[in-house]
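Engineer: Next comes data_36.pdb, PDB, C-alpha atoms:
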```pdb
ATOM      1  CA  MET A   1      10.719  15.927   5.745  1.00  0.00           C
ATOM      2  CA  ALA A   2       7.841  16.289   3.230  1.00  0.00           C
ATOM      3  CA  GLN A   3      10.304  15.638   0.424  1.00  0.00           C
ATOM      4  CA  TYR A   4      11.735  12.584   2.206  1.00  0.00           C
ATOM      5  CA  SER A   5       8.177  11.274   2.629  1.00  0.00           C
ATOM      6  CA  ALA A   6       7.333  11.818  -1.052  1.00  0.00           C
ATOM      7  CA  GLU A   7      10.573  10.052  -2.033  1.00  0.00           C
ATOM      8  CA  LEU A   8       9.662   7.082   0.165  1.00  0.00           C
ATOM      9  CA  ASP A   9       6.168   6.988  -1.394  1.00  0.00           C
ATOM     10  CA  GLY A  10       7.750   6.779  -4.846  1.00  0.00           C
ATOM     11  CA  VAL A  11      10.204   4.035  -3.880  1.00  0.00           C
ATOM     12  CA  PHE A  12       7.585   1.883  -2.134  1.00  0.00           C
ATOM     13  CA  VAL A  13       5.003   2.240  -4.919  1.00  0.00           C
ATOM     14  CA  ALA A  14       7.635   1.518  -7.597  1.00  0.00           C
ATOM     15  CA  LEU A  15       8.640  -1.690  -5.788  1.00  0.00           C
ATOM     16  CA  GLY A  16       5.021  -2.833  -5.391  1.00  0.00           C
ATOM     17  CA  ASP A  17       5.121  -4.563  -8.759  1.00  0.00           C
ATOM     18  CA  PRO A  18       6.861  -7.860  -9.646  1.00  0.00           C
ATOM     19  CA  THR A  19       8.196  -6.633 -13.023  1.00  0.00           C
ATOM     20  CA  ARG A  20       9.766  -3.540 -11.464  1.00  0.00           C
ATOM     21  CA  ARG A  21      11.300  -5.597  -8.636  1.00  0.00           C
ATOM     22  CA  ALA A  22      12.695  -7.998 -11.254  1.00  0.00           C
ATOM     23  CA  VAL A  23      14.269  -5.045 -13.123  1.00  0.00           C
ATOM     24  CA  VAL A  24      15.891  -3.797  -9.891  1.00  0.00           C
ATOM     25  CA  ARG A  25      17.229  -7.303  -9.183  1.00  0.00           C
ATOM     26  CA  ARG A  26      18.527  -7.625 -12.769  1.00  0.00           C
ATOM     27  CA  LEU A  27      20.303  -4.248 -12.643  1.00  0.00           C
ATOM     28  CA  GLY A  28      21.903  -5.265  -9.338  1.00  0.00           C
ATOM     29  CA  GLY A  29      24.190  -7.387 -11.537  1.00  0.00           C
ATOM     30  CA  GLY A  30      25.266  -4.324 -13.564  1.00  0.00           C
ATOM     31  CA  PRO A  31      23.921  -1.847 -16.168  1.00  0.00           C
ATOM     32  CA  VAL A  32      21.849  -3.234 -19.066  1.00  0.00           C
ATOM     33  CA  SER A  33      20.521  -1.541 -22.225  1.00  0.00           C
ATOM     34  CA  VAL A  34      16.764  -0.929 -22.337  1.00  0.00           C
ATOM     35  CA  GLY A  35      16.536  -3.140 -25.440  1.00  0.00           C
ATOM     36  CA  ASP A  36      18.262  -6.142 -23.835  1.00  0.00           C
ATOM     37  CA  LEU A  37      16.257  -5.662 -20.655  1.00  0.00           C
ATOM     38  CA  ALA A  38      12.923  -5.440 -22.493  1.00  0.00           C
ATOM     39  CA  ARG A  39      13.611  -8.740 -24.285  1.00  0.00           C
ATOM     40  CA  GLU A  40      13.739 -10.526 -20.927  1.00  0.00           C
ATOM     41  CA  PHE A  41      10.215  -9.514 -19.970  1.00  0.00           C
ATOM     42  CA  PRO A  42       7.161 -11.087 -21.637  1.00  0.00           C
ATOM     43  CA  MET A  43       5.214  -7.905 -22.429  1.00  0.00           C
ATOM     44  CA  THR A  44       4.965  -5.263 -25.146  1.00  0.00           C
ATOM     45  CA  LEU A  45       7.709  -2.635 -25.336  1.00  0.00           C
ATOM     46  CA  PRO A  46       5.291   0.244 -24.449  1.00  0.00           C
ATOM     47  CA  SER A  47       4.153  -1.656 -21.314  1.00  0.00           C
ATOM     48  CA  PHE A  48       7.755  -2.328 -20.354  1.00  0.00           C
ATOM     49  CA  MET A  49       8.761   1.302 -20.934  1.00  0.00           C
ATOM     50  CA  LYS A  50       6.023   2.407 -18.535  1.00  0.00           C
ATOM     51  CA  HIS A  51       7.681   0.318 -15.814  1.00  0.00           C
ATOM     52  CA  VAL A  52      11.093   1.792 -16.715  1.00  0.00           C
ATOM     53  CA  ARG A  53       9.705   5.319 -16.443  1.00  0.00           C
ATOM     54  CA  THR A  54       8.089   4.584 -13.056  1.00  0.00           C
ATOM     55  CA  LEU A  55      11.412   3.218 -11.777  1.00  0.00           C
ATOM     56  CA  GLU A  56      13.261   6.236 -13.167  1.00  0.00           C
ATOM     57  CA  ALA A  57      10.762   8.695 -11.615  1.00  0.00           C
ATOM     58  CA  SER A  58      11.222   6.999  -8.224  1.00  0.00           C
ATOM     59  CA  GLY A  59      14.993   7.437  -8.542  1.00  0.00           C
ATOM     60  CA  LEU A  60      15.589   3.677  -8.222  1.00  0.00           C
ATOM     61  CA  ILE A  61      17.173   3.543 -11.673  1.00  0.00           C
ATOM     62  CA  ARG A  62      18.884   6.025 -13.977  1.00  0.00           C
ATOM     63  CA  THR A  63      18.922   5.850 -17.742  1.00  0.00           C
ATOM     64  CA  ALA A  64      21.431   7.482 -20.087  1.00  0.00           C
ATOM     65  CA  LYS A  65      21.637   7.494 -23.868  1.00  0.00           C
ATOM     66  CA  ALA A  66      24.925   6.937 -25.688  1.00  0.00           C
ATOM     67  CA  GLY A  67      24.423   7.025 -29.458  1.00  0.00           C
ATOM     68  CA  ARG A  68      21.347   4.920 -30.132  1.00  0.00           C
ATOM     69  CA  VAL A  69      21.545   2.853 -26.968  1.00  0.00           C
ATOM     70  CA  ARG A  70      19.813   3.813 -23.717  1.00  0.00           C
ATOM     71  CA  THR A  71      21.354   2.078 -20.705  1.00  0.00           C
ATOM     72  CA  CYS A  72      19.676   1.504 -17.321  1.00  0.00           C
ATOM     73  CA  THR A  73      21.702   1.640 -14.104  1.00  0.00           C
ATOM     74  CA  LEU A  74      20.549   0.878 -10.571  1.00  0.00           C
ATOM     75  CA  ASN A  75      20.771   3.764  -8.116  1.00  0.00           C
ATOM     76  CA  ARG A  76      21.553   1.870  -4.917  1.00  0.00           C
ATOM     77  CA  GLU A  77      21.297   4.962  -2.716  1.00  0.00           C
ATOM     78  CA  ARG A  78      17.565   4.899  -3.304  1.00  0.00           C
ATOM     79  CA  LEU A  79      17.310   1.488  -1.671  1.00  0.00           C
ATOM     80  CA  VAL A  80      19.224   2.899   1.294  1.00  0.00           C
ATOM     81  CA  LEU A  81      16.061   4.958   1.985  1.00  0.00           C
ATOM     82  CA  LEU A  82      14.236   1.664   2.598  1.00  0.00           C
ATOM     83  CA  ASP A  83      17.023   0.392   4.830  1.00  0.00           C
ATOM     84  CA  GLU A  84      16.825   3.561   6.891  1.00  0.00           C
ATOM     85  CA  TRP A  85      13.046   3.404   7.200  1.00  0.00           C
ATOM     86  CA  LEU A  86      13.200  -0.223   8.354  1.00  0.00           C
ATOM     87  CA  ALA A  87      15.991   0.624  10.814  1.00  0.00           C
ATOM     88  CA  GLU A  88      13.794   3.378  12.281  1.00  0.00           C
ATOM     89  CA  GLN A  89      10.934   0.908  12.819  1.00  0.00           C
ATOM     90  CA  ARG A  90      13.303  -1.533  14.518  1.00  0.00           C
ATOM     91  CA  ARG A  91      14.508   1.243  16.832  1.00  0.00           C
ATOM     92  CA  ILE A  92      10.894   1.950  17.849  1.00  0.00           C
ATOM     93  CA  TRP A  93      10.210  -1.748  18.618  1.00  0.00           C
ATOM     94  CA  GLU A  94      13.389  -2.058  20.618  1.00  0.00           C
ATOM     95  CA  GLU A  95      12.519   0.995  22.710  1.00  0.00           C
ATOM     96  CA  ARG A  96       9.156  -0.623  23.380  1.00  0.00           C
ATOM     97  CA  THR A  97      10.795  -3.898  24.406  1.00  0.00           C
ATOM     98  CA  ASP A  98      13.140  -1.963  26.722  1.00  0.00           C
ATOM     99  CA  ARG A  99      10.144  -0.194  28.308  1.00  0.00           C
ATOM    100  CA  LEU A 100       8.333  -3.525  28.800  1.00  0.00           C
ATOM    101  CA  GLU A 101      11.422  -5.047  30.422  1.00  0.00           C
ATOM    102  CA  GLN A 102      11.759  -2.042  32.716  1.00  0.00           C
ATOM    103  CA  PHE A 103       8.087  -2.382  33.655  1.00  0.00           C
ATOM    104  CA  VAL A 104       8.497  -6.076  34.505  1.00  0.00           C
ATOM    105  CA  THR A 105      11.609  -5.268  36.603  1.00  0.00           C
ATOM    106  CA  ASP A 106       9.744  -2.474  38.436  1.00  0.00           C
ATOM    107  CA  VAL A 107       6.779  -4.774  39.185  1.00  0.00           C
ATOM    108  CA  GLU A 108       9.098  -7.558  40.436  1.00  0.00           C
ATOM    109  CA  GLU A 109      10.933  -5.133  42.756  1.00  0.00           C
ATOM    110  CA  GLN A 110       7.737  -3.862  44.384  1.00  0.00           C
TER     111      GLN A 110
ATOM    112  CA  MET B   1       6.875 -18.020  -5.312  1.00  0.00           C
ATOM    113  CA  ALA B   2       3.813 -16.377  -6.917  1.00  0.00           C
ATOM    114  CA  GLN B   3       2.268 -16.034  -3.460  1.00  0.00           C
ATOM    115  CA  TYR B   4       5.488 -14.549  -2.040  1.00  0.00           C
ATOM    116  CA  SER B   5       5.512 -12.050  -4.913  1.00  0.00           C
ATOM    117  CA  ALA B   6       1.866 -11.063  -4.338  1.00  0.00           C
ATOM    118  CA  GLU B   7       2.584 -10.643  -0.618  1.00  0.00           C
ATOM    119  CA  LEU B   8       5.524  -8.364  -1.399  1.00  0.00           C
ATOM    120  CA  ASP B   9       3.323  -6.351  -3.799  1.00  0.00           C
ATOM    121  CA  GLY B  10       0.815  -5.807  -0.985  1.00  0.00           C
ATOM    122  CA  VAL B  11       3.437  -4.790   1.568  1.00  0.00           C
ATOM    123  CA  PHE B  12       5.206  -2.356  -0.772  1.00  0.00           C
ATOM    124  CA  VAL B  13       1.989  -0.748  -2.015  1.00  0.00           C
ATOM    125  CA  ALA B  14       0.622  -0.454   1.539  1.00  0.00           C
ATOM    126  CA  LEU B  15       3.807   1.331   2.647  1.00  0.00           C
ATOM    127  CA  GLY B  16       3.722   3.721  -0.333  1.00  0.00           C
ATOM    128  CA  ASP B  17       1.541   6.154   1.610  1.00  0.00           C
ATOM    129  CA  PRO B  18       2.604   8.513   4.428  1.00  0.00           C
ATOM    130  CA  THR B  19      -0.511   7.879   6.574  1.00  0.00           C
ATOM    131  CA  ARG B  20      -0.073   4.126   6.431  1.00  0.00           C
ATOM    132  CA  ARG B  21       3.651   4.397   7.234  1.00  0.00           C
ATOM    133  CA  ALA B  22       2.748   6.627  10.193  1.00  0.00           C
ATOM    134  CA  VAL B  23       0.281   3.982  11.441  1.00  0.00           C
ATOM    135  CA  VAL B  24       2.965   1.275  11.195  1.00  0.00           C
ATOM    136  CA  ARG B  25       5.407   3.511  13.111  1.00  0.00           C
ATOM    137  CA  ARG B  26       2.761   4.296  15.764  1.00  0.00           C
ATOM    138  CA  LEU B  27       1.883   0.612  16.276  1.00  0.00           C
ATOM    139  CA  GLY B  28       5.588  -0.155  16.655  1.00  0.00           C
ATOM    140  CA  GLY B  29       5.167   1.328  20.138  1.00  0.00           C
ATOM    141  CA  GLY B  30       2.388  -1.157  20.962  1.00  0.00           C
ATOM    142  CA  PRO B  31      -1.272  -1.947  20.102  1.00  0.00           C
ATOM    143  CA  VAL B  32      -3.728   0.977  19.855  1.00  0.00           C
ATOM    144  CA  SER B  33      -7.536   1.015  19.464  1.00  0.00           C
ATOM    145  CA  VAL B  34      -8.842   2.123  16.062  1.00  0.00           C
ATOM    146  CA  GLY B  35     -10.668   5.024  17.744  1.00  0.00           C
ATOM    147  CA  ASP B  36      -7.560   6.398  19.488  1.00  0.00           C
ATOM    148  CA  LEU B  37      -5.507   5.891  16.345  1.00  0.00           C
ATOM    149  CA  ALA B  38      -8.048   7.647  14.115  1.00  0.00           C
ATOM    150  CA  ARG B  39      -8.034  10.723  16.369  1.00  0.00           C
ATOM    151  CA  GLU B  40      -4.316  11.206  15.679  1.00  0.00           C
ATOM    152  CA  PHE B  41      -4.807  11.549  11.929  1.00  0.00           C
ATOM    153  CA  PRO B  42      -6.373  14.671  10.396  1.00  0.00           C
ATOM    154  CA  MET B  43      -8.913  13.002   8.090  1.00  0.00           C
ATOM    155  CA  THR B  44     -12.443  11.646   8.174  1.00  0.00           C
ATOM    156  CA  LEU B  45     -13.031   8.285   9.868  1.00  0.00           C
ATOM    157  CA  PRO B  46     -14.085   6.574   6.568  1.00  0.00           C
ATOM    158  CA  SER B  47     -10.866   7.764   4.889  1.00  0.00           C
ATOM    159  CA  PHE B  48      -8.819   6.536   7.836  1.00  0.00           C
ATOM    160  CA  MET B  49     -10.602   3.169   7.881  1.00  0.00           C
ATOM    161  CA  LYS B  50      -9.681   2.683   4.208  1.00  0.00           C
ATOM    162  CA  HIS B  51      -6.011   2.960   5.194  1.00  0.00           C
ATOM    163  CA  VAL B  52      -6.543   0.526   8.080  1.00  0.00           C
ATOM    164  CA  ARG B  53      -8.152  -2.001   5.729  1.00  0.00           C
ATOM    165  CA  THR B  54      -5.300  -1.668   3.204  1.00  0.00           C
ATOM    166  CA  LEU B  55      -2.780  -2.293   5.986  1.00  0.00           C
ATOM    167  CA  GLU B  56      -4.798  -5.256   7.257  1.00  0.00           C
ATOM    168  CA  ALA B  57      -5.122  -6.747   3.745  1.00  0.00           C
ATOM    169  CA  SER B  58      -1.331  -6.492   3.297  1.00  0.00           C
ATOM    170  CA  GLY B  59      -0.835  -8.374   6.572  1.00  0.00           C
ATOM    171  CA  LEU B  60       1.184  -5.497   8.075  1.00  0.00           C
ATOM    172  CA  ILE B  61      -1.350  -5.039  10.874  1.00  0.00           C
ATOM    173  CA  ARG B  62      -3.987  -7.196  12.544  1.00  0.00           C
ATOM    174  CA  THR B  63      -7.176  -5.946  14.118  1.00  0.00           C
ATOM    175  CA  ALA B  64      -9.279  -7.725  16.745  1.00  0.00           C
ATOM    176  CA  LYS B  65     -12.508  -6.716  18.428  1.00  0.00           C
ATOM    177  CA  ALA B  66     -13.021  -7.102  22.184  1.00  0.00           C
ATOM    178  CA  GLY B  67     -16.445  -5.857  23.223  1.00  0.00           C
ATOM    179  CA  ARG B  68     -16.942  -2.543  21.433  1.00  0.00           C
ATOM    180  CA  VAL B  69     -13.270  -1.774  20.934  1.00  0.00           C
ATOM    181  CA  ARG B  70     -11.270  -2.805  17.869  1.00  0.00           C
ATOM    182  CA  THR B  71      -7.534  -2.872  18.517  1.00  0.00           C
ATOM    183  CA  CYS B  72      -4.774  -2.679  15.890  1.00  0.00           C
ATOM    184  CA  THR B  73      -1.524  -4.594  16.338  1.00  0.00           C
ATOM    185  CA  LEU B  74       1.587  -4.494  14.165  1.00  0.00           C
ATOM    186  CA  ASN B  75       2.563  -7.782  12.516  1.00  0.00           C
ATOM    187  CA  ARG B  76       6.333  -7.429  12.497  1.00  0.00           C
ATOM    188  CA  GLU B  77       6.875 -10.620  10.497  1.00  0.00           C
ATOM    189  CA  ARG B  78       5.452  -8.814   7.495  1.00  0.00           C
ATOM    190  CA  LEU B  79       8.232  -6.265   7.630  1.00  0.00           C
ATOM    191  CA  VAL B  80      10.708  -9.141   7.701  1.00  0.00           C
ATOM    192  CA  LEU B  81       9.652  -9.779   4.070  1.00  0.00           C
ATOM    193  CA  LEU B  82      11.107  -6.365   3.214  1.00  0.00           C
ATOM    194  CA  ASP B  83      14.293  -7.107   5.131  1.00  0.00           C
ATOM    195  CA  GLU B  84      14.700 -10.351   3.198  1.00  0.00           C
ATOM    196  CA  TRP B  85      14.082  -8.706  -0.162  1.00  0.00           C
ATOM    197  CA  LEU B  86      16.645  -5.999   0.586  1.00  0.00           C
ATOM    198  CA  ALA B  87      19.135  -8.625   1.794  1.00  0.00           C
ATOM    199  CA  GLU B  88      18.688 -10.491  -1.509  1.00  0.00           C
ATOM    200  CA  GLN B  89      19.475  -7.316  -3.484  1.00  0.00           C
ATOM    201  CA  ARG B  90      22.585  -6.721  -1.377  1.00  0.00           C
ATOM    202  CA  ARG B  91      23.733 -10.287  -2.057  1.00  0.00           C
ATOM    203  CA  ILE B  92      23.407  -9.672  -5.824  1.00  0.00           C
ATOM    204  CA  TRP B  93      25.454  -6.432  -5.629  1.00  0.00           C
ATOM    205  CA  GLU B  94      28.140  -8.087  -3.556  1.00  0.00           C
ATOM    206  CA  GLU B  95      28.470 -10.938  -6.050  1.00  0.00           C
ATOM    207  CA  ARG B  96      28.874  -8.319  -8.749  1.00  0.00           C
ATOM    208  CA  THR B  97      31.544  -6.480  -6.757  1.00  0.00           C
ATOM    209  CA  ASP B  98      33.367  -9.806  -6.211  1.00  0.00           C
ATOM    210  CA  ARG B  99      33.256 -10.499  -9.955  1.00  0.00           C
ATOM    211  CA  LEU B 100      34.594  -7.006 -10.748  1.00  0.00           C
ATOM    212  CA  GLU B 101      37.414  -7.459  -8.237  1.00  0.00           C
ATOM    213  CA  GLN B 102      38.280 -10.845  -9.760  1.00  0.00           C
ATOM    214  CA  PHE B 103      38.299  -9.247 -13.209  1.00  0.00           C
ATOM    215  CA  VAL B 104      40.671  -6.482 -12.073  1.00  0.00           C
ATOM    216  CA  THR B 105      42.963  -9.077 -10.436  1.00  0.00           C
ATOM    217  CA  ASP B 106      42.941 -11.200 -13.612  1.00  0.00           C
ATOM    218  CA  VAL B 107      43.796  -8.165 -15.783  1.00  0.00           C
ATOM    219  CA  GLU B 108      46.608  -7.110 -13.427  1.00  0.00           C
ATOM    220  CA  GLU B 109      48.103 -10.608 -13.480  1.00  0.00           C
ATOM    221  CA  GLN B 110      48.186 -10.790 -17.268  1.00  0.00           C
TER     222      GLN B 110
END
```
Can you give me the file's structure in the form of structure tokens?

Structural biologist:
Amino acid sequence: MAQYSAELDGVFVALGDPTRRAVVRRLGGGPVSVGDLAREFPMTLPSFMKHVRTLEASGLIRTAKAGRVRTCTLNRERLVLLDEWLAEQRRIWEERTDRLEQFVTDVEEQ
Amino acid sequence: MAQYSAELDGVFVALGDPTRRAVVRRLGGGPVSVGDLAREFPMTLPSFMKHVRTLEASGLIRTAKAGRVRTCTLNRERLVLLDEWLAEQRRIWEERTDRLEQFVTDVEEQ
């Protein structure tokens, strides 16, 4: 549970930045080399690499080197964590709505 | 678009903390006073209030004072932003899958 929470922290914080969200969106279309990716973002390579490392640490992307080229791939399963968290919140709201409806029914029947 | 991006930044960063996620989950069950809420979290009141202010600034919760009691309410529409962002990513992956399938079909037909 503590590990799940720390993983969620990492995913949420990583996505709290427009450059990192843009990288995730870009990799949704398929793997891209770090070099090609960096050219699409108007910042220095060291700044861009910091974003790549944050995304990699969160598990949202994976990078692998083949020869001289490092390629970035999206790890979709990491986004499933977000889906699951949102689904849990929805479940809680729906239970509340059910309780409110039951309350209204009980009051009407009195 | 820039405003939408800044709003997403705020929501993601706010949710990148286990206490703040726990507050969102708790308020999913209905509004709670700041005092009652604070008692459920093992930290000082000033530390807790910092989390409340971060959540309020992100738009995820609203607080309103009636007499001496300040009540926190979840703003579900803010979480819809997350839903929409995730849906957009899914759309991008599905387009990619469609393209890959088309490619395989084209190769097989050659």

Engineer: Counting only C-alpha atoms, which residues from chain A have an atom at most 8 Å from any atom of chain B, and could you show them as a list in words?

Structural biologist: Ser5, Ala6, Leu8, Asp9, Gly10, Val11, Phe12, Val13, Leu15, Gly16, Asp17, Pro18, Arg25, Gly28, Gly29, Gly30, Leu79, Asp83, Leu86, Gln89, Ile92, Trp93, Glu95 and Arg96 of chain A

Engineer: Produce a file of the selected residues containing C-alpha atoms, as a tab-separated table (two decimals), in the frame of the given file.

Structural biologist:
```tsv
chain	number	residue	atom	x	y	z
A	5	SER	CA	8.18	11.27	2.63
A	6	ALA	CA	7.33	11.82	-1.05
A	8	LEU	CA	9.66	7.08	0.16
A	9	ASP	CA	6.17	6.99	-1.39
A	10	GLY	CA	7.75	6.78	-4.85
A	11	VAL	CA	10.20	4.04	-3.88
A	12	PHE	CA	7.58	1.88	-2.13
A	13	VAL	CA	5.00	2.24	-4.92
A	15	LEU	CA	8.64	-1.69	-5.79
A	16	GLY	CA	5.02	-2.83	-5.39
A	17	ASP	CA	5.12	-4.56	-8.76
A	18	PRO	CA	6.86	-7.86	-9.65
A	25	ARG	CA	17.23	-7.30	-9.18
A	28	GLY	CA	21.90	-5.26	-9.34
A	29	GLY	CA	24.19	-7.39	-11.54
A	30	GLY	CA	25.27	-4.32	-13.56
A	79	LEU	CA	17.31	1.49	-1.67
A	83	ASP	CA	17.02	0.39	4.83
A	86	LEU	CA	13.20	-0.22	8.35
A	89	GLN	CA	10.93	0.91	12.82
A	92	ILE	CA	10.89	1.95	17.85
A	93	TRP	CA	10.21	-1.75	18.62
A	95	GLU	CA	12.52	1.00	22.71
A	96	ARG	CA	9.16	-0.62	23.38
```

Engineer: With only C-alpha atoms as the atoms that count, which of A:Leu81, A:Met43, A:Val32, A:Val104 lies nearest to A:Lys65?

Structural biologist: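 That would be A:Val32, the residue with the smallest distance to A:Lys65.
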
Engineer: Could you tell me which residues the PyMOL selection byres ((chain A and resi 70) around 6) grabs in this file, written as a list in words?

Structural biologist: Ser33, Val34, Ala64, Lys65, Val69 and Thr71 of chain A

Engineer: Expand the PyMOL selection byres ((chain B and resi 61) around 6) into the explicit residue set it covers here, and present it as a count of residues only.

Structural biologist: 8

Engineer: Could you pull out every residue with an atom within 10 Å of (-5.9, 9.5, 2.4), file coordinates, counting all atoms listed in the file, and send them as a ChimeraX atom specification?

Structural biologist: /B:17-20,41-44,46-51

Engineer: Padding 6 Å on each side, edges along x, y and z: where is the centre of the box around the listed atoms of stretch 42-61 of chain B, and how long are its edges in Å to one decimal? Output it as JSON.

Structural biologist:
```
{"center_x": -6.5, "center_y": 3.1, "center_z": 7.0, "size_x": 27.3, "size_y": 35.0, "size_z": 19.7}
```

Engineer: Any chance you could turn stretch 3-11 of chain A into a file with all heavy atoms, as a CSV table (one decimal), in the first residue's frame?

Structural biologist:
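Wrote result13.csv, looks like this:
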```csv
chain,number,residue,atom,x,y,z
A,3,GLN,N,3.9,1.3,-1.0
A,3,GLN,CA,4.6,1.4,-2.3
A,3,GLN,C,3.7,1.9,-3.4
A,3,GLN,O,4.1,2.8,-4.2
A,3,GLN,CB,5.1,0.0,-2.7
A,3,GLN,CG,6.2,0.1,-3.8
A,3,GLN,CD,6.3,-1.2,-4.6
A,3,GLN,OE1,6.0,-2.3,-4.1
A,3,GLN,NE2,6.7,-1.1,-5.8
A,4,TYR,N,2.4,1.5,-3.4
A,4,TYR,CA,1.4,2.0,-4.3
A,4,TYR,C,1.3,3.5,-4.2
A,4,TYR,O,1.2,4.2,-5.2
A,4,TYR,CB,0.1,1.3,-4.1
A,4,TYR,CG,-1.1,1.9,-4.7
A,4,TYR,CD1,-1.3,1.7,-6.1
A,4,TYR,CD2,-2.1,2.6,-4.0
A,4,TYR,CE1,-2.4,2.3,-6.7
A,4,TYR,CE2,-3.2,3.1,-4.6
A,4,TYR,CZ,-3.3,3.0,-6.0
A,4,TYR,OH,-4.4,3.5,-6.6
A,5,SER,N,1.2,4.0,-3.0
A,5,SER,CA,1.1,5.4,-2.7
A,5,SER,C,2.3,6.2,-3.3
A,5,SER,O,2.1,7.2,-3.9
A,5,SER,CB,0.9,5.6,-1.2
A,5,SER,OG,0.7,7.0,-1.0
A,6,ALA,N,3.5,5.6,-3.0
A,6,ALA,CA,4.7,6.3,-3.5
A,6,ALA,C,4.7,6.3,-5.1
A,6,ALA,O,5.2,7.3,-5.7
A,6,ALA,CB,6.0,5.6,-3.0
A,7,GLU,N,4.2,5.2,-5.7
A,7,GLU,CA,4.2,5.2,-7.1
A,7,GLU,C,3.2,6.2,-7.7
A,7,GLU,O,3.5,6.9,-8.7
A,7,GLU,CB,3.8,3.8,-7.6
A,7,GLU,CG,4.9,2.7,-7.4
A,7,GLU,CD,4.4,1.3,-7.7
A,7,GLU,OE1,3.2,1.1,-7.9
A,7,GLU,OE2,5.3,0.4,-7.7
A,8,LEU,N,2.1,6.3,-7.0
A,8,LEU,CA,1.1,7.4,-7.4
A,8,LEU,C,1.7,8.8,-7.3
A,8,LEU,O,1.5,9.6,-8.2
A,8,LEU,CB,-0.2,7.3,-6.6
A,8,LEU,CG,-1.3,6.4,-7.1
A,8,LEU,CD1,-2.5,6.4,-6.1
A,8,LEU,CD2,-1.8,6.9,-8.5
A,9,ASP,N,2.4,9.0,-6.2
A,9,ASP,CA,3.1,10.3,-6.0
A,9,ASP,C,3.9,10.6,-7.2
A,9,ASP,O,3.8,11.7,-7.8
A,9,ASP,CB,4.0,10.3,-4.8
A,9,ASP,CG,3.3,10.3,-3.4
A,9,ASP,OD1,2.0,10.4,-3.4
A,9,ASP,OD2,4.0,10.3,-2.4
A,10,GLY,N,4.8,9.7,-7.6
A,10,GLY,CA,5.7,9.9,-8.7
A,10,GLY,C,5.0,10.1,-10.0
A,10,GLY,O,5.4,11.0,-10.7
A,11,VAL,N,3.9,9.4,-10.3
A,11,VAL,CA,3.2,9.6,-11.5
A,11,VAL,C,2.5,11.0,-11.5
A,11,VAL,O,2.6,11.7,-12.5
A,11,VAL,CB,2.1,8.4,-11.7
A,11,VAL,CG1,1.2,8.7,-12.9
A,11,VAL,CG2,2.8,7.1,-11.9
```
